[in-house]
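Data block for final_18.cif (mmCIF, C-alpha atoms and all ligand atoms):
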```
data_data
#
loop_
_atom_site.label_atom_id
_atom_site.label_comp_id
_atom_site.auth_asym_id
_atom_site.auth_seq_id
_atom_site.Cartn_x
_atom_site.Cartn_y
_atom_site.Cartn_z
CA MET A 27 -66.08 -9.63 85.46
CA ALA A 28 -66.31 -12.23 88.17
CA GLY A 29 -69.33 -14.30 89.05
CA PRO A 30 -70.16 -16.04 92.30
CA GLU A 31 -70.74 -19.42 90.62
CA ARG A 32 -68.60 -22.36 91.62
CA ARG A 33 -65.98 -23.85 89.39
CA PRO A 34 -67.28 -26.97 87.60
CA ASN A 35 -65.47 -30.18 88.28
CA VAL A 36 -62.67 -29.91 85.76
CA GLY A 37 -59.80 -32.06 86.89
CA PRO A 38 -56.30 -30.60 87.06
CA SER A 39 -55.16 -32.96 84.32
CA ILE A 40 -57.47 -31.34 81.78
CA ARG A 41 -56.64 -27.86 82.97
CA ASN A 42 -52.94 -28.62 82.71
CA LEU A 43 -53.47 -30.01 79.24
CA PHE A 44 -54.80 -26.64 78.13
CA GLN A 45 -51.61 -25.05 79.36
CA LYS A 46 -49.42 -27.70 77.78
CA VAL A 47 -51.01 -27.78 74.33
CA SER A 48 -49.52 -24.42 73.50
CA ALA A 49 -46.45 -24.73 75.67
CA VAL A 50 -44.07 -26.35 73.20
CA TYR A 51 -42.21 -23.91 71.01
CA LYS A 52 -38.95 -24.74 69.34
CA VAL A 53 -35.98 -22.44 69.77
CA GLU A 54 -35.26 -21.49 66.16
CA LEU A 55 -33.20 -18.41 66.89
CA VAL A 56 -29.59 -18.27 67.96
CA ALA A 57 -28.83 -15.87 70.81
CA PRO A 58 -26.04 -13.60 69.54
CA ASP A 59 -22.87 -13.17 71.56
CA ILE A 60 -23.12 -9.63 72.91
CA ALA A 61 -19.95 -9.66 75.04
CA ALA A 62 -18.28 -7.21 72.62
CA TYR A 63 -20.85 -4.55 73.60
CA ARG A 64 -20.20 -4.81 77.33
CA ALA A 65 -17.81 -1.88 77.62
CA GLY A 66 -19.95 0.51 75.58
CA ASN A 67 -18.90 4.16 75.75
CA THR A 68 -21.24 5.69 78.31
CA GLY A 69 -19.90 4.29 81.56
CA ILE A 70 -22.94 2.05 81.76
CA PRO A 71 -22.27 -1.56 80.74
CA TYR A 72 -24.00 -2.58 77.52
CA VAL A 73 -25.02 0.97 76.64
CA THR A 74 -23.41 2.61 73.60
CA THR A 75 -24.24 6.08 72.29
CA PHE A 76 -23.30 7.30 68.82
CA ASP A 77 -23.33 11.08 68.42
CA SER A 78 -23.79 12.51 64.92
CA GLY A 79 -22.53 15.90 66.09
CA LYS A 80 -25.65 17.44 64.53
CA ALA A 81 -28.78 18.67 66.21
CA GLY A 82 -31.56 16.12 66.47
CA PRO A 83 -33.31 13.71 68.76
CA HIS A 84 -31.68 11.17 71.03
CA VAL A 85 -33.08 7.85 69.89
CA MET A 86 -32.68 4.62 71.83
CA VAL A 87 -33.16 1.06 70.67
CA ASN A 88 -33.17 -1.39 73.55
CA ALA A 89 -33.06 -5.19 73.67
CA VAL A 90 -33.36 -7.98 76.25
CA THR A 91 -35.52 -6.24 78.80
CA HIS A 92 -36.52 -9.89 79.21
CA GLY A 93 -33.57 -12.26 79.04
CA ASN A 94 -35.22 -14.96 76.93
CA GLU A 95 -36.45 -12.61 74.21
CA LEU A 96 -33.82 -13.03 71.53
CA CYS A 97 -35.13 -11.04 68.57
CA GLY A 98 -34.20 -7.67 70.08
CA ALA A 99 -30.63 -8.79 70.70
CA ILE A 100 -30.45 -9.92 67.07
CA ALA A 101 -31.77 -6.55 65.82
CA VAL A 102 -29.41 -4.46 67.98
CA ASP A 103 -26.49 -6.74 67.05
CA PHE A 104 -27.43 -6.14 63.40
CA LEU A 105 -27.25 -2.36 63.90
CA PHE A 106 -23.82 -2.68 65.52
CA LYS A 107 -22.48 -5.09 62.88
CA ASN A 108 -23.72 -2.85 60.06
CA LYS A 109 -22.18 0.19 61.74
CA VAL A 110 -25.46 2.07 61.73
CA ARG A 111 -24.84 5.63 62.89
CA PRO A 112 -27.35 8.45 63.37
CA THR A 113 -27.50 11.00 60.56
CA ARG A 114 -28.57 13.59 63.14
CA GLY A 115 -28.93 13.64 66.91
CA LYS A 116 -27.78 10.62 68.87
CA LEU A 117 -28.43 6.91 68.72
CA THR A 118 -28.13 4.72 71.81
CA LEU A 119 -28.03 0.94 71.45
CA SER A 120 -28.55 -0.98 74.65
CA PHE A 121 -29.15 -4.35 76.27
CA LEU A 122 -31.05 -4.04 79.54
CA ASN A 123 -31.28 -7.30 81.47
CA VAL A 124 -27.95 -8.79 80.43
CA ALA A 125 -27.70 -10.96 83.55
CA ALA A 126 -30.91 -12.72 82.56
CA TYR A 127 -29.85 -12.88 78.90
CA HIS A 128 -26.56 -14.51 79.80
CA SER A 129 -28.43 -17.17 81.76
CA PHE A 130 -30.38 -18.16 78.61
CA ASP A 131 -30.35 -21.92 78.15
CA LYS A 132 -31.84 -23.42 75.00
CA ALA A 133 -32.89 -26.47 77.02
CA LYS A 134 -34.85 -24.30 79.49
CA PRO A 135 -35.71 -21.25 77.40
CA ASN A 136 -38.48 -20.00 79.68
CA ALA A 137 -36.23 -19.81 82.72
CA SER A 138 -34.27 -16.69 81.79
CA ARG A 139 -36.98 -14.01 81.62
CA PHE A 140 -35.35 -12.43 84.69
CA ILE A 141 -33.08 -13.32 87.62
CA ASP A 142 -34.94 -12.03 90.70
CA GLU A 143 -37.88 -10.07 89.31
CA ASP A 144 -39.31 -8.63 86.11
CA ILE A 145 -37.16 -5.59 85.23
CA ASN A 146 -40.09 -4.21 83.26
CA ARG A 147 -42.07 -3.64 86.47
CA VAL A 148 -39.55 -1.56 88.45
CA TRP A 149 -39.75 1.84 86.70
CA ASP A 150 -41.77 3.67 89.34
CA VAL A 151 -39.56 6.37 90.87
CA ALA A 152 -40.40 5.03 94.34
CA THR A 153 -38.99 1.64 93.36
CA LEU A 154 -35.97 3.09 91.56
CA GLU A 155 -35.15 5.27 94.53
CA GLY A 156 -36.20 2.71 97.12
CA SER A 157 -34.21 0.05 98.94
CA ARG A 158 -35.32 -3.09 97.08
CA ASP A 159 -32.12 -4.93 96.39
CA THR A 160 -32.48 -7.31 93.46
CA VAL A 161 -30.38 -7.95 90.37
CA GLU A 162 -33.03 -6.09 88.39
CA THR A 163 -33.47 -3.00 90.62
CA LYS A 164 -29.69 -2.62 90.69
CA ARG A 165 -29.48 -2.83 86.91
CA ALA A 166 -32.41 -0.41 86.48
CA ARG A 167 -30.66 2.13 88.75
CA GLU A 168 -27.43 1.72 86.76
CA PHE A 169 -29.34 2.04 83.47
CA ARG A 170 -31.56 4.97 84.49
CA PRO A 171 -29.22 7.81 83.35
CA ALA A 172 -29.27 6.31 79.84
CA ILE A 173 -33.05 6.21 79.67
CA ASP A 174 -33.21 9.74 81.12
CA ARG A 175 -31.19 10.99 78.14
CA ALA A 176 -33.40 9.37 75.48
CA ASP A 177 -36.11 11.32 73.66
CA TYR A 178 -37.46 8.29 71.82
CA LEU A 179 -37.33 4.65 72.84
CA LEU A 180 -38.05 1.44 70.97
CA ASP A 181 -38.06 -1.43 73.46
CA ILE A 182 -37.98 -4.77 71.62
CA HIS A 183 -39.80 -7.74 73.10
CA SER A 184 -41.37 -11.05 72.09
CA MET A 185 -44.23 -13.15 73.41
CA GLN A 186 -44.90 -16.51 74.99
CA HIS A 187 -47.38 -17.54 72.31
CA ALA A 188 -47.09 -17.49 68.54
CA THR A 189 -49.57 -14.77 67.64
CA ALA A 190 -49.47 -11.74 65.38
CA PRO A 191 -46.93 -9.06 66.36
CA LEU A 192 -48.28 -6.24 68.51
CA MET A 193 -47.11 -2.65 68.88
CA MET A 194 -47.81 -1.85 72.51
CA ALA A 195 -48.23 1.91 72.26
CA GLY A 196 -49.58 2.80 75.68
CA MET A 197 -52.60 4.97 76.34
CA LEU A 198 -51.13 8.26 75.13
CA ASP A 199 -52.05 9.72 71.74
CA LYS A 200 -48.43 10.70 71.02
CA SER A 201 -47.26 7.08 71.14
CA VAL A 202 -50.20 5.82 69.09
CA ALA A 203 -49.39 8.49 66.49
CA LEU A 204 -45.77 7.33 66.44
CA ALA A 205 -46.91 3.72 66.04
CA HIS A 206 -48.98 4.77 63.00
CA LYS A 207 -45.96 6.53 61.50
CA VAL A 208 -43.80 3.44 62.01
CA GLY A 209 -46.51 1.67 60.02
CA ILE A 210 -45.83 -1.88 61.18
CA PRO A 211 -47.06 -4.20 62.53
CA GLU A 212 -50.71 -4.32 61.58
CA LEU A 213 -51.97 -4.32 65.18
CA ILE A 214 -51.44 -1.43 67.58
CA VAL A 215 -52.48 -1.94 71.19
CA ARG A 216 -53.39 1.05 73.35
CA ASP A 217 -52.56 -0.45 76.66
CA LYS A 218 -52.40 0.38 80.29
CA GLY A 219 -49.55 -1.18 82.20
CA HIS A 220 -49.55 -3.79 84.93
CA ALA A 221 -50.60 -3.65 88.56
CA ALA A 222 -47.24 -5.22 89.44
CA GLY A 223 -45.27 -2.08 88.52
CA ARG A 224 -44.38 0.48 85.86
CA ARG A 225 -42.73 -0.54 82.60
CA MET A 226 -39.69 1.28 81.20
CA ARG A 227 -41.89 2.24 78.26
CA ASP A 228 -44.02 4.34 80.66
CA TYR A 229 -41.14 5.82 82.70
CA GLY A 230 -40.67 9.58 83.10
CA GLY A 231 -41.48 11.70 80.06
CA PHE A 232 -42.58 8.66 78.04
CA GLY A 233 -45.66 8.33 80.23
CA ASP A 234 -46.31 12.08 80.49
CA PRO A 235 -48.76 13.47 77.92
CA HIS A 236 -47.12 16.91 78.21
CA SER A 237 -43.60 15.69 77.42
CA PRO A 238 -42.41 15.50 73.79
CA LYS A 239 -40.69 12.18 74.59
CA ALA A 240 -42.30 9.02 73.24
CA ALA A 241 -41.71 5.30 73.59
CA LEU A 242 -42.95 2.17 71.89
CA LEU A 243 -42.75 -1.44 72.93
CA ILE A 244 -42.87 -3.97 70.11
CA GLU A 245 -43.91 -7.58 70.71
CA CYS A 246 -42.39 -9.27 67.67
CA GLY A 247 -44.02 -12.70 67.86
CA GLN A 248 -43.17 -15.88 69.74
CA HIS A 249 -39.88 -15.67 71.65
CA TRP A 250 -37.90 -18.07 69.52
CA GLU A 251 -39.57 -18.15 66.11
CA THR A 252 -37.56 -17.01 63.11
CA SER A 253 -40.18 -14.47 62.05
CA SER A 254 -39.72 -12.52 65.29
CA GLN A 255 -36.24 -11.40 64.24
CA ASP A 256 -37.59 -10.18 60.89
CA VAL A 257 -40.30 -8.20 62.68
CA ALA A 258 -37.77 -6.80 65.16
CA LEU A 259 -35.46 -5.65 62.40
CA ALA A 260 -38.16 -4.20 60.16
CA THR A 261 -39.74 -2.31 63.05
CA THR A 262 -36.36 -0.96 64.17
CA LEU A 263 -35.44 0.29 60.71
CA SER A 264 -38.84 1.89 60.24
CA PHE A 265 -38.61 3.50 63.69
CA LEU A 266 -35.19 5.00 62.87
CA THR A 267 -36.40 6.16 59.45
CA VAL A 268 -39.51 7.83 60.86
CA LEU A 269 -37.35 9.73 63.33
CA ASP A 270 -35.08 10.73 60.44
CA VAL A 271 -31.89 9.40 61.97
CA LEU A 272 -31.18 6.53 59.54
CA ASP A 273 -29.10 6.95 56.39
CA PRO A 274 -31.69 6.74 53.57
CA ALA A 275 -29.26 4.72 51.40
CA PHE A 276 -28.99 2.08 54.12
CA ALA A 277 -32.75 2.12 54.63
CA LYS A 278 -33.22 1.56 50.91
CA GLN A 279 -31.07 -1.57 51.02
CA HIS A 280 -33.30 -2.96 53.73
CA GLN A 281 -36.68 -1.88 52.49
CA VAL A 282 -39.50 -2.37 54.98
CA GLU A 283 -42.95 -3.24 53.78
CA LYS A 284 -45.52 -1.37 55.83
CA SER A 285 -48.93 -2.75 56.72
CA PRO A 286 -51.60 -1.61 54.27
CA ARG A 287 -53.89 -0.90 57.19
CA GLN A 288 -53.20 -0.78 60.90
CA ARG A 289 -55.87 -1.58 63.45
CA VAL A 290 -56.02 -0.41 67.05
CA ILE A 291 -57.09 -2.52 69.99
CA THR A 292 -57.73 -0.52 73.15
CA VAL A 293 -57.10 -2.38 76.36
CA THR A 294 -59.82 -1.66 78.92
CA GLU A 295 -58.51 -3.67 81.81
CA ALA A 296 -55.94 -6.16 82.97
CA VAL A 297 -56.94 -9.31 84.79
CA THR A 298 -54.63 -9.33 87.80
CA ILE A 299 -54.37 -12.71 89.51
CA GLU A 300 -55.66 -12.72 93.09
CA THR A 301 -55.13 -16.34 94.12
CA ASP A 302 -52.59 -19.12 93.74
CA ARG A 303 -54.92 -21.05 91.44
CA PHE A 304 -55.59 -19.23 88.19
CA THR A 305 -56.46 -21.32 85.16
CA PHE A 306 -57.69 -20.40 81.70
CA ALA A 307 -60.89 -21.98 80.46
CA GLY A 308 -59.35 -22.76 77.06
CA PRO A 309 -56.01 -22.99 75.28
CA TYR A 310 -55.92 -19.25 74.62
CA THR A 311 -52.85 -17.86 72.89
CA GLY A 312 -53.99 -14.26 72.36
CA LEU A 313 -56.14 -12.17 69.99
CA GLU A 314 -59.13 -14.49 70.41
CA MET A 315 -62.32 -12.46 70.19
CA LEU A 316 -65.00 -13.78 72.53
CA GLY A 317 -68.40 -12.84 71.11
CA LYS A 318 -70.79 -12.57 73.98
CA LYS A 319 -70.43 -10.58 77.17
CA GLY A 320 -70.11 -13.01 80.09
CA THR A 321 -68.05 -15.62 78.21
CA LEU A 322 -65.85 -17.59 80.57
CA ILE A 323 -62.16 -16.66 80.33
CA GLY A 324 -60.92 -18.69 83.29
CA TYR A 325 -60.97 -19.18 87.02
CA ASP A 326 -59.12 -17.26 89.70
CA GLY A 327 -59.40 -19.73 92.54
CA ASP A 328 -63.11 -20.54 92.55
CA LYS A 329 -64.10 -17.23 91.03
CA GLN A 330 -65.14 -17.16 87.40
CA VAL A 331 -63.46 -14.57 85.22
CA LEU A 332 -65.90 -13.47 82.51
CA THR A 333 -65.69 -11.12 79.55
CA PRO A 334 -67.08 -7.71 80.53
CA TYR A 335 -68.52 -6.90 77.08
CA ASP A 336 -69.27 -8.34 73.64
CA ASP A 337 -66.39 -8.95 71.21
CA CYS A 338 -63.78 -8.84 73.95
CA VAL A 339 -60.24 -9.49 72.65
CA LEU A 340 -57.71 -11.39 74.77
CA ILE A 341 -54.28 -9.76 74.75
CA MET A 342 -51.23 -11.86 75.61
CA PRO A 343 -52.56 -14.49 78.00
CA SER A 344 -49.71 -15.41 80.30
CA ARG A 345 -48.34 -18.83 81.06
CA ARG A 346 -46.87 -17.54 84.32
CA LEU A 347 -50.00 -17.53 86.42
CA THR A 348 -48.77 -16.21 89.75
CA ARG A 349 -50.62 -14.05 92.24
CA GLY A 350 -50.29 -10.29 91.67
CA THR A 351 -49.27 -10.60 88.03
CA THR A 352 -51.33 -10.06 84.89
CA ALA A 353 -53.11 -13.17 83.58
CA VAL A 354 -54.38 -11.47 80.45
CA ARG A 355 -55.44 -8.05 79.26
CA LEU A 356 -58.85 -7.39 77.74
CA GLY A 357 -59.57 -5.01 74.91
CA ARG A 358 -61.74 -4.14 71.97
CA TYR A 359 -61.11 -2.93 68.42
CA THR A 360 -61.39 0.86 68.38
CA GLY A 361 -59.86 1.79 65.06
ZN ZN B 401 -40.82 -8.96 77.08
#
```
Any chance you could put this one into structure tokens?
Amino acid sequence: MAGPERRPNVGPSIRNLFQKVSAVYKVELVAPDIAAYRAGNTGIPYVTTFDSGKAGPHVMVNAVTHGNELCGAIAVDFLFKNKVRPTRGKLTLSFLNVAAYHSFDKAKPNASRFIDEDINRVWDVATLEGSRDTVETKRAREFRPAIDRADYLLDIHSMQHATAPLMMAGMLDKSVALAHKVGIPELIVRDKGHAAGRRMRDYGGFGDPHSPKAALLIECGQHWETSSQDVALATTLSFLTVLDVLDPAFAKQHQVEKSPRQRVITVTEAVTIETDRFTFAGPYTGLEMLGKKGTLIGYDGDKQVLTPYDDCVLIMPSRRLTRGTTAVRLGRYTG
């Protein structure tokens, strides 16, 4: 993927321009006040479980794993406000990184993704049971009993760039099958995680092919665009319907239009940043398909990062280009 050739003389001003062109997104959404959900009923702040009293799966819908991703909070708030209760099994509604969410500032909307570290990279047991003492590891440890109880998880996210919604299904067939049943959005991504640490979506039984548990992570669109809340809500209602825990009469009132055809992109690798100077070669926002093998994606320091095969698709290029994190994931259409 990397060539030995030197970086051409592209001044920082032009490189920065590429980053800035796509950097301006308006905050169209209003972050709901979630203070009423703090107490919950599970002993874990911001975690509420409704028990139908009937046999069935324990389904969890989670929001604000990243504090500046508002659509999930809007969807979970909607479920609370509409008094959605499971028709069988249990339904848990939760808000994960509430400290980050409460720091959300419309004037600096990128600043509140997390407080100390990304809470979606701490779900390795070694980290959970280790001594790292951050706002996020503490919250993950507090939250862990809730996630341990869930059979199915929908973790609602949004993206830095305004591109089509993506169902991040993971590498396991069981999650891809669930994504097909949910039926939206059009694009399903079979993805490996990140070198920086395990996501909640891949924790415990969710990441074990032999466990019946399954989790999905939905990327609903750009963080603050109105359409992301529609995607979040539609996906949530479809998820609950597919698992047969949603009152059909309620589902009927909020009919979800499924995608006529879903396509699968399989991620083959993540580009993990190795230097303090990573730049993209173009104003990539995601889902670009680069035709020829060896097309320049960007530079990691002086090293060229090239596409490893023809028709390589860029998945969620990051605007946080720091060493050890994922710059972009690479994939190809497989279905
Ligand atoms: Zn996120």
> Please, what distance in Å, to one decimal, runs between atom CA of Leu356 of chain A and atom CA of Arg216 of chain A?
Replying inline: 11.0 Å
> Can you tell me, as a PyMOL selection string, what residues are no more than 7 Å from Thr321 of chain A when counting all atoms listed in the file, ignoring any on the same chain fewer than 3 positions away?
Replying inline: chain A and resi 316+318+332-333
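Taking all atoms listed in the file into account, the residues that come within 9 Å of ligand ZN 401 (chain B) are Val90, Thr91, His92, Gly93, Asn94, Glu95, Arg139, Asn146, Asp181, Ile182, His183, Ser184, Met185, Gln186, Leu243, Ile244, Glu245 and His249 of chain A.
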Segment 202-224 of chain A near segment 168-180 of chain A within 12 Å: what's each residue's closest atom pair and its distance in Å to one decimal, counting all atoms listed in the file, ordered by chain then ascending residue number, as a tab-separated table?
```
residue	atom	partner	partner_atom	distance
A:Leu204	CA	A:Tyr178	CA	9.9
A:Ala205	CA	A:Leu180	CA	10.4
A:Val208	CA	A:Leu180	CA	10.8
```
> Which residue gives the smallest distance to Arg287 of chain A among A:Glu212, A:Asp326, A:Glu251, A:Glu314, with only C-alpha atoms counted?
Replying inline: A:Glu212
Enumerate, in order of chain and increasing residue number, the residues of segment 49-113 of chain A with an atom no farther than 9 Å from segment 262-281 of chain A, each with its shortest atom pair and distance in Å to one decimal, counting only C-alpha atoms, as JSON lines.
```
{"residue": "A:Gly82", "atom": "CA", "partner": "A:Val271", "partner_atom": "CA", "distance": 8.1}
{"residue": "A:Pro83", "atom": "CA", "partner": "A:Leu269", "partner_atom": "CA", "distance": 7.9}
{"residue": "A:Val85", "atom": "CA", "partner": "A:Leu266", "partner_atom": "CA", "distance": 7.9}
{"residue": "A:Val87", "atom": "CA", "partner": "A:Thr262", "partner_atom": "CA", "distance": 7.5}
{"residue": "A:Ala101", "atom": "CA", "partner": "A:Thr262", "partner_atom": "CA", "distance": 7.4}
{"residue": "A:Val102", "atom": "CA", "partner": "A:Thr262", "partner_atom": "CA", "distance": 8.7}
{"residue": "A:Val110", "atom": "CA", "partner": "A:Leu272", "partner_atom": "CA", "distance": 7.6}
{"residue": "A:Arg111", "atom": "CA", "partner": "A:Leu272", "partner_atom": "CA", "distance": 7.2}
{"residue": "A:Pro112", "atom": "CA", "partner": "A:Val271", "partner_atom": "CA", "distance": 4.8}
{"residue": "A:Thr113", "atom": "CA", "partner": "A:Val271", "partner_atom": "CA", "distance": 4.9}
```
Rebuild segment 249-261 of chain A so that it carries N, CA, C and O atoms, then output the result as a PDB file, keeping the file's coordinate frame.
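Once written, result-v6.pdb looks like this:
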```pdb
ATOM      1  N   HIS A 249     -41.261 -15.950  71.235  1.00  0.00           N
ATOM      2  CA  HIS A 249     -39.880 -15.670  71.650  1.00  0.00           C
ATOM      3  C   HIS A 249     -38.797 -16.219  70.722  1.00  0.00           C
ATOM      4  O   HIS A 249     -37.769 -15.598  70.544  1.00  0.00           O
ATOM      5  N   TRP A 250     -39.027 -17.415  70.196  1.00  0.00           N
ATOM      6  CA  TRP A 250     -37.900 -18.070  69.520  1.00  0.00           C
ATOM      7  C   TRP A 250     -38.186 -18.401  68.067  1.00  0.00           C
ATOM      8  O   TRP A 250     -37.481 -19.174  67.456  1.00  0.00           O
ATOM      9  N   GLU A 251     -39.269 -17.838  67.511  1.00  0.00           N
ATOM     10  CA  GLU A 251     -39.570 -18.150  66.110  1.00  0.00           C
ATOM     11  C   GLU A 251     -38.799 -17.202  65.195  1.00  0.00           C
ATOM     12  O   GLU A 251     -38.604 -16.029  65.499  1.00  0.00           O
ATOM     13  N   THR A 252     -38.393 -17.753  64.047  1.00  0.00           N
ATOM     14  CA  THR A 252     -37.560 -17.010  63.110  1.00  0.00           C
ATOM     15  C   THR A 252     -38.199 -15.676  62.706  1.00  0.00           C
ATOM     16  O   THR A 252     -37.511 -14.664  62.582  1.00  0.00           O
ATOM     17  N   SER A 253     -39.525 -15.692  62.519  1.00  0.00           N
ATOM     18  CA  SER A 253     -40.180 -14.470  62.050  1.00  0.00           C
ATOM     19  C   SER A 253     -40.023 -13.317  63.034  1.00  0.00           C
ATOM     20  O   SER A 253     -40.062 -12.151  62.630  1.00  0.00           O
ATOM     21  N   SER A 254     -39.818 -13.622  64.310  1.00  0.00           N
ATOM     22  CA  SER A 254     -39.720 -12.520  65.290  1.00  0.00           C
ATOM     23  C   SER A 254     -38.504 -11.645  65.020  1.00  0.00           C
ATOM     24  O   SER A 254     -38.538 -10.432  65.237  1.00  0.00           O
ATOM     25  N   GLN A 255     -37.423 -12.230  64.526  1.00  0.00           N
ATOM     26  CA  GLN A 255     -36.240 -11.400  64.240  1.00  0.00           C
ATOM     27  C   GLN A 255     -36.483 -10.511  63.022  1.00  0.00           C
ATOM     28  O   GLN A 255     -36.000  -9.375  62.981  1.00  0.00           O
ATOM     29  N   ASP A 256     -37.257 -11.007  62.062  1.00  0.00           N
ATOM     30  CA  ASP A 256     -37.590 -10.180  60.890  1.00  0.00           C
ATOM     31  C   ASP A 256     -38.456  -8.991  61.314  1.00  0.00           C
ATOM     32  O   ASP A 256     -38.261  -7.862  60.852  1.00  0.00           O
ATOM     33  N   VAL A 257     -39.419  -9.270  62.192  1.00  0.00           N
ATOM     34  CA  VAL A 257     -40.300  -8.200  62.680  1.00  0.00           C
ATOM     35  C   VAL A 257     -39.484  -7.183  63.488  1.00  0.00           C
ATOM     36  O   VAL A 257     -39.648  -5.968  63.337  1.00  0.00           O
ATOM     37  N   ALA A 258     -38.587  -7.692  64.321  1.00  0.00           N
ATOM     38  CA  ALA A 258     -37.770  -6.800  65.160  1.00  0.00           C
ATOM     39  C   ALA A 258     -36.928  -5.870  64.279  1.00  0.00           C
ATOM     40  O   ALA A 258     -36.864  -4.654  64.506  1.00  0.00           O
ATOM     41  N   LEU A 259     -36.330  -6.438  63.266  1.00  0.00           N
ATOM     42  CA  LEU A 259     -35.460  -5.650  62.400  1.00  0.00           C
ATOM     43  C   LEU A 259     -36.253  -4.641  61.575  1.00  0.00           C
ATOM     44  O   LEU A 259     -35.890  -3.461  61.493  1.00  0.00           O
ATOM     45  N   ALA A 260     -37.353  -5.100  60.988  1.00  0.00           N
ATOM     46  CA  ALA A 260     -38.160  -4.200  60.160  1.00  0.00           C
ATOM     47  C   ALA A 260     -38.712  -3.048  60.997  1.00  0.00           C
ATOM     48  O   ALA A 260     -38.695  -1.884  60.570  1.00  0.00           O
ATOM     49  N   THR A 261     -39.180  -3.359  62.189  1.00  0.00           N
ATOM     50  CA  THR A 261     -39.740  -2.310  63.050  1.00  0.00           C
ATOM     51  C   THR A 261     -38.656  -1.321  63.450  1.00  0.00           C
ATOM     52  O   THR A 261     -38.873  -0.104  63.455  1.00  0.00           O
TER      53      THR A 261
END
```
